[in-house]
Amino acid sequence: MATNPRPQQQLAVWNDPQAVPYVQIDRVTKRFGDFVAVNNVSLKIYKKELFCLLGGSGCGKTTLLRMLAGFEEPTSGKLFIDGVDMTGIPPYERPVNMMFQSYALFPHMTVEQNVAFGLKQDGLPKDEIATRVDDMLKLVRLQQFAKRKPHQLSGGQRQRVALARSLVKRPKLLLLDEPLGALDKKLREHTQFELVNLQEQLGVTFVVVTHDQEEAMTLSSRIGVMNQGEIIQVGTPKDIYEYPNSKFVAEFIGNVNMFEGRLIEDEPDHVRIDSPELGGTIYVDHGVSSAPDATVFAAIRPEKFNISVERPNQTDNVVQGTVKEIAYMGDMSVYLVQLASNKMVRITQPNTYRHAEDSITWDQTVYLSWHASSPVVLSE
Amino acid sequence: MSARAEAPRRHRHSAGVQLILDFLNRLPPYRWTQSRLVRWGITGRTAVTAIPYLWLLLFFLVPFIIVLKIAFSEARIGMPPYAPLLTWIDGSVAQVNLQLKNFANMFQDSLYAKAYLNSIKVAAVSTLFCLLIGYPMAYAIARAESKWRHILLMLVILPFWTSFLLRVYAWIGILKNNGLINNFLMWTGLIDEPIVMLQTDFAIYVGIVYSYLPFMILPLYSNLEKMDLTLLEAAADLGARPFKTFMTITLPLSLPGIIAGSMLVFIPAVGEFVIPELLGPSDSLMIGKVLWQVFFTKRDWPAASAVAIALLLLLVIPIVLLQRAQAAEARGAHR
Amino acid sequence: MSRAFNSTLRAGLAVTAIALAVAACGKKEEAQQAEAPGAAAAEEKVLHVYNWSDYIAEDTIKNFEEKTGIKVTYDVFDSNDMLETRLLAGNSGFDVVVPSASFLERQIKAGVFQKLDKSQLPNLANMDPDIQQRVALHDPGNEHSVTYLWGTTGIGYNVDKVKKILGDTPLDSWNQIFDPKEVAKFKDCGISVLDAPDEILKVVLQWMGRDPNSQKDEDLTAAAEKLQLIRPYIRKIHSSQYIDDLANGDLCIAIGWSGDILQARDRAAEAGQGVKVAYSIPKEGTIVWFDMLAIPADAKHPKNAHAFINYLMEPQVAANNSNFVNYANANAASFAMVNDTVKNDPGVYPTPEVKAKLFPSLAYGEQATATMARLWQKFTTGQ
């Protein structure tokens, strides 16, 4: 597998080898009959993280979450929360709470009663329960709805009740299953920031399961990308985006242009790739650990391109093409440029100027260029 | 995203009509008729509401009015054995003859009050047992794997395909002194003398609970099957042990089903005649038997009709309860 | 249209239904009076007969059909009450029915039956005049009915079980049942009484030495009081369960109808389990009941009905019926053709001495019926 070196990162707890993980998933596998839902997954999640499990449907992320919650037991492997082995411990005995995708609010109870439910199970005195419920409702701004029943609330309000209910017990770990899936776009954006604020305020460790990359990028401290029961890559949003470790991750997150080619120069400080697909050579300014003469893929993100009418002054990392499609998005424009090899390249450019005299138009011949640091070289 | 097809507008029926519609829609002849009517343009609310309405009219309202009419009459020797409602004087003036003594009699003779109360007691106890036995069964079926569910439901419904009377007779063969149970127990040596089970109150309860159990199971199953299982997971997640989850979540949410099932057992059980007559002691005091005796032994059709009307009025309250439970269930489903 | 249906049309339909319901009954009543008895000139060759179950020889109907070419539809019932209800409701659809005489008595008064055309019944000459006389008490002048079969109400018992309790003393008196001291001996053995209040009250009155057919309140009440004394010893009050129970050996003593008890006897013998059942007519006398052939006033085929009734009075036919069902017939001419086993069975054909002590069960009037019903309710339920 081709690896790309990274610049020195700020000291994050997950990079500290001495740090003790809050949640440790140790070689966990889950089988349903012949079907393997989770395949030998190991993960370390640290205290106060907002960790996202990202993947398409059927990738095993929800199963993994349910195992953390206690609704499923791993076929093999162990789960540790705050150092305690959770094997065989039922959900009602775990210091974990979950916010369900469908919210699972108790329809026959009021908002107050829903939120108080968990505290009642702990046998707390009545006034303490009342206080804590009240505080939590204030936090999610639902005080005036305390006496309402779930069917009398809007979708967004129900979501907040579900959140309040799951946080009121101050769990060590909060699991969220597609928390924003049922909300409309504006509400979703608003709630994303609210969630992050809440988490920072309360200092609870969040594990969120989602299929929405935007959500994952906005919310998380780190993302774990899953596919077919396995963790493909774990990293900060920037890590995942800028340093994908595989074609899968590169293509899963955001948009990317893949150019297949062969390494013609393989040096510790640079590599050169010849790509007929591209119709030129790609010069990458860092070394890549890879088998010699191997077939590689250069992944270049759309925003890393520069598009111009005149040919730029560089020998490498330049290619000519014809503009086939332009999509004006307001803040940026998306260009689809066809190369000589008929490959379509996707480029995005911010609309920096309101009135550009030399704005690019359809069927125009243009030159695409990029910086030597832009490509990520991948072998699979 | 492609445009969704326009969903048909759902019409809210009254609970009684809904109950009948649910039943009728399970019958292929009804659905066939409906599809034909739709083709001919008789569609929508009219046809759908009209059919159960006419059925109710023909098979409930008309007979009820007839019985009510007889209840206000008095017995006399003739064909039919009661006085007519209208008599013509001089061929042009109609005289309406109404007798209230049939109803008055019921208040004066303590037999009726005692019979009603005893019938209610027997029906209530039977309902309780049906609930205690039927709830676990409904729960087990609702939680079974979907391939088993249909088979299990069939097993519950299958006895209905045989005659009710035959099934009660079968219990005679099982409970009598040299019947199945006693013979088996004596063969194993557990007892020396047969246990007297037939012609006892015990046998009445066995008969009623057995015969009406499906009426308890089906509404309960219908309710439990629709229950959102994630609610149970949420409760567990919040710290509730399985028993607590059952008491605070499952049970309250199944209340409409419990009420519906209980009423479907209680209401007919109050007027039961066949089971106490075949399985119970000679001195069992149930209103159904009293009604039978007044009709046949005393040969007083008006008095018997009055007893029947009074029985119906007595059951108005449980019937209203049933309606409201059905409505609550329908509301829950539409949420 | 849809919205309108929900209010106006609904109300309209409901009112129409109510009006129809009220009118329908009235119309029916008038219709009964209006219809003249059997005026049809040419009748279809059809006949609808409604008889007790297991109450006719196997080939009687077939032979009648062959002889006359009349197609017979034969239905059965097992309770006088049911028959009476159908008749009183009107339009039963039957041409010949077979009520018991005490029920017939009341039904005649209600106008259920038409008078028989004796010119169509030449075989009346074959009938036993003694029976005719007794039946006339129910059917004045024998104008509405012809006796089909008859029997008695007596005591059926398990021979061995009773022997064990009574020793050599025979079971032949009502006293052994109605005297609390006597009947207590059979407490654990099992006693059943007919669920037929009119008959039971009458035999009690007979045992008490009073007029069994008394309709006086004081007599009926007195009889009921005597009955109350033995209630604790009675296991079951039922009109048919005792047949099985006697045959199975589950029951010791049953007050029941002669034919049924003899049936139990034969069944027990067939079963071969060693259960022996016998029938005894108490020496104080008992009820003699008759099952009568009659023609409803609204019968559609009265001519065919007469032909059928006449056919049943043929000596061989009457004898066949008696031989097959084990009940006595009222046909003197048939006596010679009745099998010995039937003829000589005192349970079927009582001896003349016993016959002399038999009395009819005459129908109660309205007042007595109400009193009887209430007393019986008290007896059965204790309320």
# chains A, B, ... in the order shown; residues from 1 in each chain; ligands from 1
>>> interface_residues(of="chain B", to="chain C", cutoff="8 Å", atoms="only C-alpha atoms", output="NGL selection string")
:B and (45-46 or 57-58 or 61-63 or 65-66 or 69 or 76-81 or 84-86 or 110-111 or 177 or 281-285 or 290 or 293-294 or 296-299)
>>> select_by_dssp(residues="stretch 259-350 of chain C", states="alpha helix (DSSP H)", output="short mmCIF file (atom, residue, chain, number, x, y, z; two decimals) with all heavy atoms, in the first residue's frame")
data_model
loop_
_atom_site.label_atom_id
_atom_site.label_comp_id
_atom_site.auth_asym_id
_atom_site.auth_seq_id
_atom_site.Cartn_x
_atom_site.Cartn_y
_atom_site.Cartn_z
N GLY C 259 -89.48 -44.56 27.30
CA GLY C 259 -88.74 -44.92 26.10
C GLY C 259 -87.25 -44.65 26.25
O GLY C 259 -86.41 -45.48 25.89
N ASP C 260 -86.91 -43.48 26.85
CA ASP C 260 -85.50 -43.13 26.99
C ASP C 260 -84.79 -44.10 27.93
O ASP C 260 -83.66 -44.51 27.68
CB ASP C 260 -85.38 -41.70 27.55
CG ASP C 260 -85.77 -40.67 26.50
OD1 ASP C 260 -85.83 -41.04 25.31
OD2 ASP C 260 -86.02 -39.52 26.88
N ILE C 261 -85.47 -44.46 29.01
CA ILE C 261 -84.82 -45.35 29.98
C ILE C 261 -84.63 -46.73 29.38
O ILE C 261 -83.59 -47.39 29.59
CB ILE C 261 -85.64 -45.40 31.29
CG1 ILE C 261 -85.57 -44.02 31.95
CG2 ILE C 261 -85.11 -46.48 32.21
CD1 ILE C 261 -86.48 -43.85 33.13
N LEU C 262 -85.61 -47.17 28.60
CA LEU C 262 -85.46 -48.47 27.96
C LEU C 262 -84.33 -48.43 26.94
O LEU C 262 -83.59 -49.39 26.75
CB LEU C 262 -86.78 -48.88 27.29
CG LEU C 262 -87.92 -49.14 28.28
CD1 LEU C 262 -89.24 -49.38 27.57
CD2 LEU C 262 -87.58 -50.33 29.18
N GLN C 263 -84.17 -47.27 26.32
CA GLN C 263 -83.05 -47.08 25.39
C GLN C 263 -81.73 -47.22 26.13
O GLN C 263 -80.79 -47.87 25.65
CB GLN C 263 -83.15 -45.68 24.81
CG GLN C 263 -82.78 -45.59 23.36
CD GLN C 263 -82.75 -44.13 22.92
OE1 GLN C 263 -81.74 -43.47 23.06
NE2 GLN C 263 -83.86 -43.65 22.40
N ALA C 264 -81.68 -46.60 27.33
CA ALA C 264 -80.46 -46.71 28.13
C ALA C 264 -80.20 -48.16 28.48
O ALA C 264 -79.05 -48.62 28.46
CB ALA C 264 -80.59 -45.85 29.39
N ARG C 265 -81.28 -48.86 28.79
CA ARG C 265 -81.14 -50.27 29.13
C ARG C 265 -80.51 -51.04 27.98
O ARG C 265 -79.57 -51.83 28.16
CB ARG C 265 -82.51 -50.86 29.47
CG ARG C 265 -82.47 -52.36 29.72
CD ARG C 265 -83.86 -52.95 29.70
NE ARG C 265 -84.46 -52.87 28.37
CZ ARG C 265 -85.74 -53.19 28.12
NH1 ARG C 265 -86.53 -53.56 29.10
NH2 ARG C 265 -86.21 -53.10 26.90
N ASP C 266 -81.03 -50.79 26.77
CA ASP C 266 -80.53 -51.54 25.63
C ASP C 266 -79.09 -51.15 25.32
O ASP C 266 -78.27 -51.99 24.95
CB ASP C 266 -81.42 -51.27 24.41
CG ASP C 266 -82.82 -51.84 24.60
OD1 ASP C 266 -82.96 -52.75 25.44
OD2 ASP C 266 -83.75 -51.38 23.92
N ARG C 267 -78.79 -49.85 25.47
CA ARG C 267 -77.42 -49.40 25.20
C ARG C 267 -76.44 -50.02 26.16
O ARG C 267 -75.33 -50.43 25.79
CB ARG C 267 -77.35 -47.87 25.34
CG ARG C 267 -77.11 -47.18 24.04
CD ARG C 267 -76.75 -45.74 24.28
NE ARG C 267 -77.79 -44.85 23.79
CZ ARG C 267 -77.76 -43.54 23.92
NH1 ARG C 267 -76.78 -42.97 24.57
NH2 ARG C 267 -78.73 -42.80 23.44
N ALA C 268 -76.85 -50.09 27.46
CA ALA C 268 -75.96 -50.67 28.47
C ALA C 268 -75.69 -52.13 28.16
O ALA C 268 -74.56 -52.60 28.30
CB ALA C 268 -76.58 -50.52 29.86
N ALA C 269 -76.78 -52.84 27.73
CA ALA C 269 -76.61 -54.25 27.40
C ALA C 269 -75.65 -54.41 26.23
O ALA C 269 -74.77 -55.27 26.23
CB ALA C 269 -77.97 -54.86 27.07
N GLU C 270 -75.81 -53.53 25.23
CA GLU C 270 -74.93 -53.58 24.06
C GLU C 270 -73.48 -53.35 24.42
O GLU C 270 -72.58 -53.98 23.90
CB GLU C 270 -75.35 -52.48 23.09
CG GLU C 270 -76.02 -52.97 21.82
CD GLU C 270 -76.37 -51.78 20.93
OE1 GLU C 270 -75.43 -51.17 20.38
OE2 GLU C 270 -77.57 -51.48 20.82
N ALA C 271 -73.28 -52.36 25.32
CA ALA C 271 -71.91 -51.99 25.68
C ALA C 271 -71.18 -53.13 26.36
O ALA C 271 -69.96 -53.23 26.32
CB ALA C 271 -71.92 -50.75 26.57
N PRO C 302 -102.82 -30.30 3.29
CA PRO C 302 -103.60 -31.02 4.30
C PRO C 302 -104.11 -32.38 3.82
O PRO C 302 -104.19 -33.32 4.59
CB PRO C 302 -104.76 -30.07 4.62
CG PRO C 302 -104.80 -29.10 3.50
CD PRO C 302 -103.45 -29.03 2.91
N LYS C 303 -104.41 -32.48 2.54
CA LYS C 303 -104.94 -33.75 2.03
C LYS C 303 -103.88 -34.84 2.18
O LYS C 303 -104.15 -35.92 2.67
CB LYS C 303 -105.32 -33.58 0.55
CG LYS C 303 -106.56 -34.34 0.17
CD LYS C 303 -107.21 -33.71 -1.08
CE LYS C 303 -107.79 -34.85 -1.92
NZ LYS C 303 -106.96 -35.32 -2.99
N ASN C 304 -102.65 -34.49 1.76
CA ASN C 304 -101.56 -35.46 1.88
C ASN C 304 -101.31 -35.79 3.35
O ASN C 304 -100.99 -36.92 3.70
CB ASN C 304 -100.28 -34.89 1.25
CG ASN C 304 -100.45 -34.63 -0.23
OD1 ASN C 304 -101.37 -35.14 -0.86
ND2 ASN C 304 -99.56 -33.82 -0.78
N ALA C 305 -101.48 -34.75 4.20
CA ALA C 305 -101.27 -34.97 5.63
C ALA C 305 -102.27 -35.99 6.16
O ALA C 305 -101.90 -36.91 6.91
CB ALA C 305 -101.41 -33.64 6.38
N HIS C 306 -103.49 -35.82 5.78
CA HIS C 306 -104.51 -36.81 6.20
C HIS C 306 -104.15 -38.19 5.72
O HIS C 306 -104.28 -39.17 6.46
CB HIS C 306 -105.89 -36.41 5.66
CG HIS C 306 -106.56 -35.35 6.47
ND1 HIS C 306 -106.44 -34.00 6.19
CD2 HIS C 306 -107.36 -35.44 7.57
CE1 HIS C 306 -107.14 -33.30 7.08
NE2 HIS C 306 -107.72 -34.15 7.93
N ALA C 307 -103.68 -38.27 4.47
CA ALA C 307 -103.34 -39.59 3.92
C ALA C 307 -102.23 -40.22 4.74
O ALA C 307 -102.26 -41.42 5.04
CB ALA C 307 -102.91 -39.42 2.46
N PHE C 308 -101.26 -39.41 5.14
CA PHE C 308 -100.13 -39.93 5.90
C PHE C 308 -100.59 -40.42 7.27
O PHE C 308 -100.22 -41.51 7.72
CB PHE C 308 -99.06 -38.82 6.04
CG PHE C 308 -97.81 -39.27 6.73
CD1 PHE C 308 -97.00 -40.25 6.16
CD2 PHE C 308 -97.45 -38.74 7.95
CE1 PHE C 308 -95.84 -40.67 6.79
CE2 PHE C 308 -96.28 -39.16 8.59
CZ PHE C 308 -95.49 -40.12 8.01
N ILE C 309 -101.39 -39.61 7.94
CA ILE C 309 -101.87 -40.00 9.28
C ILE C 309 -102.69 -41.28 9.19
O ILE C 309 -102.55 -42.20 10.01
CB ILE C 309 -102.70 -38.85 9.90
CG1 ILE C 309 -101.80 -37.64 10.14
CG2 ILE C 309 -103.35 -39.31 11.20
CD1 ILE C 309 -102.54 -36.43 10.68
N ASN C 310 -103.49 -41.38 8.16
CA ASN C 310 -104.28 -42.58 7.97
C ASN C 310 -103.37 -43.80 7.76
O ASN C 310 -103.60 -44.88 8.29
CB ASN C 310 -105.23 -42.41 6.77
CG ASN C 310 -106.31 -43.44 6.80
OD1 ASN C 310 -106.93 -43.65 7.84
ND2 ASN C 310 -106.53 -44.11 5.69
N TYR C 311 -102.32 -43.56 6.98
CA TYR C 311 -101.38 -44.64 6.70
C TYR C 311 -100.73 -45.15 7.99
O TYR C 311 -100.54 -46.36 8.18
CB TYR C 311 -100.32 -44.15 5.71
CG TYR C 311 -99.28 -45.19 5.38
CD1 TYR C 311 -99.58 -46.28 4.57
CD2 TYR C 311 -97.99 -45.09 5.90
CE1 TYR C 311 -98.63 -47.24 4.28
CE2 TYR C 311 -97.02 -46.04 5.61
CZ TYR C 311 -97.35 -47.11 4.79
OH TYR C 311 -96.40 -48.05 4.51
N LEU C 312 -100.39 -44.20 8.88
CA LEU C 312 -99.73 -44.59 10.12
C LEU C 312 -100.65 -45.42 11.01
O LEU C 312 -100.20 -46.12 11.91
CB LEU C 312 -99.24 -43.35 10.88
CG LEU C 312 -98.06 -42.61 10.25
CD1 LEU C 312 -97.78 -41.34 11.03
CD2 LEU C 312 -96.83 -43.50 10.24
N PRO C 315 -102.63 -51.22 10.75
CA PRO C 315 -102.13 -52.10 11.82
C PRO C 315 -100.67 -52.50 11.63
O PRO C 315 -99.88 -52.41 12.56
CB PRO C 315 -103.05 -53.30 11.74
CG PRO C 315 -104.32 -52.78 11.14
CD PRO C 315 -103.93 -51.68 10.21
N GLN C 316 -100.30 -52.94 10.42
CA GLN C 316 -98.92 -53.41 10.22
C GLN C 316 -97.94 -52.26 10.39
O GLN C 316 -96.87 -52.43 10.97
CB GLN C 316 -98.78 -54.02 8.81
CG GLN C 316 -97.43 -54.69 8.59
CD GLN C 316 -97.18 -55.84 9.56
OE1 GLN C 316 -97.97 -56.77 9.68
NE2 GLN C 316 -96.06 -55.75 10.28
N VAL C 317 -98.31 -51.12 9.85
CA VAL C 317 -97.41 -49.94 9.95
C VAL C 317 -97.21 -49.56 11.40
O VAL C 317 -96.09 -49.33 11.86
CB VAL C 317 -97.99 -48.74 9.15
CG1 VAL C 317 -97.08 -47.53 9.32
CG2 VAL C 317 -98.15 -49.10 7.69
N ALA C 318 -98.31 -49.49 12.15
CA ALA C 318 -98.22 -49.12 13.57
C ALA C 318 -97.36 -50.13 14.32
O ALA C 318 -96.53 -49.79 15.16
CB ALA C 318 -99.61 -49.03 14.17
N ALA C 319 -97.57 -51.41 13.99
CA ALA C 319 -96.78 -52.46 14.66
C ALA C 319 -95.30 -52.32 14.33
O ALA C 319 -94.44 -52.43 15.21
CB ALA C 319 -97.30 -53.83 14.24
N ASN C 320 -95.00 -52.04 13.05
CA ASN C 320 -93.61 -51.87 12.66
C ASN C 320 -92.95 -50.75 13.45
O ASN C 320 -91.82 -50.89 13.93
CB ASN C 320 -93.51 -51.53 11.16
CG ASN C 320 -93.81 -52.74 10.30
OD1 ASN C 320 -93.85 -53.87 10.79
ND2 ASN C 320 -94.04 -52.51 9.02
N ASN C 321 -93.68 -49.66 13.58
CA ASN C 321 -93.11 -48.52 14.31
C ASN C 321 -92.84 -48.90 15.76
O ASN C 321 -91.76 -48.63 16.28
CB ASN C 321 -94.07 -47.32 14.25
CG ASN C 321 -94.01 -46.64 12.89
OD1 ASN C 321 -93.01 -46.68 12.21
ND2 ASN C 321 -95.11 -46.01 12.51
N SER C 322 -93.81 -49.53 16.39
CA SER C 322 -93.61 -49.92 17.79
C SER C 322 -92.44 -50.87 17.93
O SER C 322 -91.62 -50.74 18.83
CB SER C 322 -94.87 -50.59 18.34
OG SER C 322 -95.80 -49.61 18.72
N ASN C 323 -92.37 -51.84 17.02
CA ASN C 323 -91.28 -52.82 17.10
C ASN C 323 -89.93 -52.15 16.97
O ASN C 323 -88.97 -52.52 17.64
CB ASN C 323 -91.45 -53.87 15.99
CG ASN C 323 -92.61 -54.79 16.27
OD1 ASN C 323 -92.98 -54.99 17.44
ND2 ASN C 323 -93.22 -55.34 15.23
N PHE C 324 -89.88 -51.16 16.08
CA PHE C 324 -88.58 -50.56 15.80
C PHE C 324 -88.12 -49.62 16.91
O PHE C 324 -86.95 -49.65 17.33
CB PHE C 324 -88.64 -49.81 14.46
CG PHE C 324 -87.29 -49.37 14.00
CD1 PHE C 324 -86.40 -50.28 13.43
CD2 PHE C 324 -86.88 -48.07 14.16
CE1 PHE C 324 -85.16 -49.88 13.01
CE2 PHE C 324 -85.63 -47.65 13.74
CZ PHE C 324 -84.77 -48.56 13.17
N VAL C 325 -89.04 -48.76 17.39
CA VAL C 325 -88.61 -47.75 18.36
C VAL C 325 -88.86 -48.16 19.80
O VAL C 325 -88.47 -47.46 20.72
CB VAL C 325 -89.27 -46.38 18.10
CG1 VAL C 325 -88.92 -45.90 16.71
CG2 VAL C 325 -90.75 -46.44 18.29
N ASP C 340 -93.20 -59.96 20.50
CA ASP C 340 -93.39 -60.37 21.90
C ASP C 340 -92.51 -59.56 22.84
O ASP C 340 -92.95 -59.14 23.91
CB ASP C 340 -93.07 -61.86 22.06
CG ASP C 340 -94.22 -62.72 21.57
OD1 ASP C 340 -95.33 -62.16 21.40
OD2 ASP C 340 -94.01 -63.92 21.36
N THR C 341 -91.27 -59.35 22.43
CA THR C 341 -90.35 -58.64 23.33
C THR C 341 -90.88 -57.25 23.67
O THR C 341 -90.67 -56.74 24.77
CB THR C 341 -88.97 -58.47 22.67
OG1 THR C 341 -89.16 -57.99 21.35
CG2 THR C 341 -88.21 -59.76 22.68
N VAL C 342 -91.56 -56.66 22.71
CA VAL C 342 -92.12 -55.32 22.96
C VAL C 342 -93.45 -55.43 23.71
O VAL C 342 -93.69 -54.76 24.71
CB VAL C 342 -92.33 -54.58 21.62
CG1 VAL C 342 -92.93 -53.21 21.86
CG2 VAL C 342 -91.00 -54.45 20.89
N LYS C 343 -94.27 -56.32 23.21
CA LYS C 343 -95.63 -56.47 23.75
C LYS C 343 -95.60 -56.84 25.22
O LYS C 343 -96.40 -56.37 26.01
CB LYS C 343 -96.26 -57.59 22.90
CG LYS C 343 -97.63 -57.88 23.07
CD LYS C 343 -98.27 -58.41 21.77
CE LYS C 343 -97.68 -59.77 21.39
NZ LYS C 343 -98.44 -60.37 20.28
#
>>> interface_residues(of="chain A", to="chain B", cutoff="8 Å", atoms="only C-alpha atoms", output="list in words")
Ala69, Phe71, Pro91, Tyr92, Glu93, Arg94, Val96, Asn97, Met98, Phe100, Ala104, Leu105, Phe106, His108, Phe117, Gly118, Gln121, Asp122, His151 and Ser166 of chain A
>>> write_last_selection(atoms="N, CA and C atoms", output="PDB file, in the first residue's frame")
ATOM      1  N   ALA A  69     -23.524  -0.650  22.696  1.00  0.00           N
ATOM      2  CA  ALA A  69     -24.670  -0.391  23.571  1.00  0.00           C
ATOM      3  C   ALA A  69     -25.066  -1.616  24.378  1.00  0.00           C
ATOM      4  N   PHE A  71     -26.772  -4.299  22.818  1.00  0.00           N
ATOM      5  CA  PHE A  71     -27.902  -4.999  22.214  1.00  0.00           C
ATOM      6  C   PHE A  71     -27.457  -6.217  21.427  1.00  0.00           C
ATOM      7  N   PRO A  91     -27.514  -4.184  28.429  1.00  0.00           N
ATOM      8  CA  PRO A  91     -27.545  -2.735  28.198  1.00  0.00           C
ATOM      9  C   PRO A  91     -27.905  -1.933  29.442  1.00  0.00           C
ATOM     10  N   TYR A  92     -28.791  -2.486  30.276  1.00  0.00           N
ATOM     11  CA  TYR A  92     -29.236  -1.690  31.416  1.00  0.00           C
ATOM     12  C   TYR A  92     -28.194  -1.617  32.519  1.00  0.00           C
ATOM     13  N   GLU A  93     -27.070  -2.303  32.324  1.00  0.00           N
ATOM     14  CA  GLU A  93     -26.023  -2.201  33.329  1.00  0.00           C
ATOM     15  C   GLU A  93     -24.779  -1.491  32.797  1.00  0.00           C
ATOM     16  N   ARG A  94     -24.838  -1.026  31.568  1.00  0.00           N
ATOM     17  CA  ARG A  94     -23.666  -0.346  31.003  1.00  0.00           C
ATOM     18  C   ARG A  94     -23.761   1.151  31.238  1.00  0.00           C
ATOM     19  N   VAL A  96     -23.560   3.420  29.408  1.00  0.00           N
ATOM     20  CA  VAL A  96     -23.690   3.895  28.036  1.00  0.00           C
ATOM     21  C   VAL A  96     -25.137   4.257  27.793  1.00  0.00           C
ATOM     22  N   ASN A  97     -25.354   5.341  27.071  1.00  0.00           N
ATOM     23  CA  ASN A  97     -26.714   5.640  26.626  1.00  0.00           C
ATOM     24  C   ASN A  97     -26.721   5.842  25.124  1.00  0.00           C
ATOM     25  N   MET A  98     -27.918   5.594  24.541  1.00  0.00           N
ATOM     26  CA  MET A  98     -27.978   5.655  23.087  1.00  0.00           C
ATOM     27  C   MET A  98     -29.086   6.581  22.630  1.00  0.00           C
ATOM     28  N   PHE A 100     -31.463   6.909  19.547  1.00  0.00           N
ATOM     29  CA  PHE A 100     -31.864   6.082  18.417  1.00  0.00           C
ATOM     30  C   PHE A 100     -32.196   6.912  17.188  1.00  0.00           C
ATOM     31  N   ALA A 104     -37.185   6.789  19.306  1.00  0.00           N
ATOM     32  CA  ALA A 104     -37.758   5.837  20.263  1.00  0.00           C
ATOM     33  C   ALA A 104     -38.309   6.502  21.510  1.00  0.00           C
ATOM     34  N   LEU A 105     -38.990   7.613  21.329  1.00  0.00           N
ATOM     35  CA  LEU A 105     -39.603   8.271  22.483  1.00  0.00           C
ATOM     36  C   LEU A 105     -40.815   7.461  22.918  1.00  0.00           C
ATOM     37  N   PHE A 106     -41.039   7.369  24.225  1.00  0.00           N
ATOM     38  CA  PHE A 106     -42.176   6.586  24.726  1.00  0.00           C
ATOM     39  C   PHE A 106     -43.461   7.372  24.465  1.00  0.00           C
ATOM     40  N   HIS A 108     -46.506   7.070  25.270  1.00  0.00           N
ATOM     41  CA  HIS A 108     -47.542   7.233  26.293  1.00  0.00           C
ATOM     42  C   HIS A 108     -47.035   8.097  27.449  1.00  0.00           C
ATOM     43  N   PHE A 117     -37.264   9.079  32.769  1.00  0.00           N
ATOM     44  CA  PHE A 117     -37.320   7.619  32.817  1.00  0.00           C
ATOM     45  C   PHE A 117     -36.015   6.998  33.304  1.00  0.00           C
ATOM     46  N   GLY A 118     -34.922   7.386  32.679  1.00  0.00           N
ATOM     47  CA  GLY A 118     -33.633   6.801  33.024  1.00  0.00           C
ATOM     48  C   GLY A 118     -33.263   7.044  34.477  1.00  0.00           C
ATOM     49  N   GLN A 121     -35.074   4.793  36.884  1.00  0.00           N
ATOM     50  CA  GLN A 121     -34.551   3.431  36.961  1.00  0.00           C
ATOM     51  C   GLN A 121     -33.397   3.358  37.953  1.00  0.00           C
ATOM     52  N   ASP A 122     -32.709   4.501  38.142  1.00  0.00           N
ATOM     53  CA  ASP A 122     -31.587   4.508  39.090  1.00  0.00           C
ATOM     54  C   ASP A 122     -32.052   4.685  40.522  1.00  0.00           C
ATOM     55  N   HIS A 151     -46.215  12.888  20.230  1.00  0.00           N
ATOM     56  CA  HIS A 151     -46.920  13.100  18.964  1.00  0.00           C
ATOM     57  C   HIS A 151     -47.390  14.540  18.798  1.00  0.00           C
ATOM     58  N   SER A 166     -31.156  10.989  26.573  1.00  0.00           N
ATOM     59  CA  SER A 166     -29.961  10.151  26.592  1.00  0.00           C
ATOM     60  C   SER A 166     -28.819  10.799  27.365  1.00  0.00           C
TER      61      SER A 166
END
>>> atom_distance(atom1="atom CA of B:Leu314", atom2="atom CA of B:Leu117")
10.6 Å
>>> residues_around(residues="stretch 352-362 of chain C", least_positions_apart="6", cutoff="10 Å", atoms="only C-alpha atoms", output="NGL selection string")
:C and (101-106 or 134-135 or 137-138 or 152-153 or 198-199 or 202-203 or 206 or 212-215 or 281-290 or 346)
>>> residues_around(residues="A:Leu43", least_positions_apart="6", cutoff="7 Å", atoms="only C-alpha atoms", output="ChimeraX atom specification")
/A:24-26
>>> write_last_selection(atoms="N, CA, C and O atoms", output="compact mmCIF listing (two decimals), in the first residue's frame")
# COMPACT_ATOMS: atom_id res chain seq x y z
N GLN A 24 -12.28 0.90 24.13
CA GLN A 24 -11.38 0.08 23.34
C GLN A 24 -12.13 -1.08 22.72
O GLN A 24 -12.75 -1.88 23.42
N ILE A 25 -12.07 -1.12 21.38
CA ILE A 25 -12.70 -2.23 20.66
C ILE A 25 -11.57 -3.13 20.19
O ILE A 25 -10.70 -2.70 19.42
N ASP A 26 -11.55 -4.35 20.72
CA ASP A 26 -10.39 -5.20 20.53
C ASP A 26 -10.73 -6.41 19.68
O ASP A 26 -11.32 -7.37 20.15
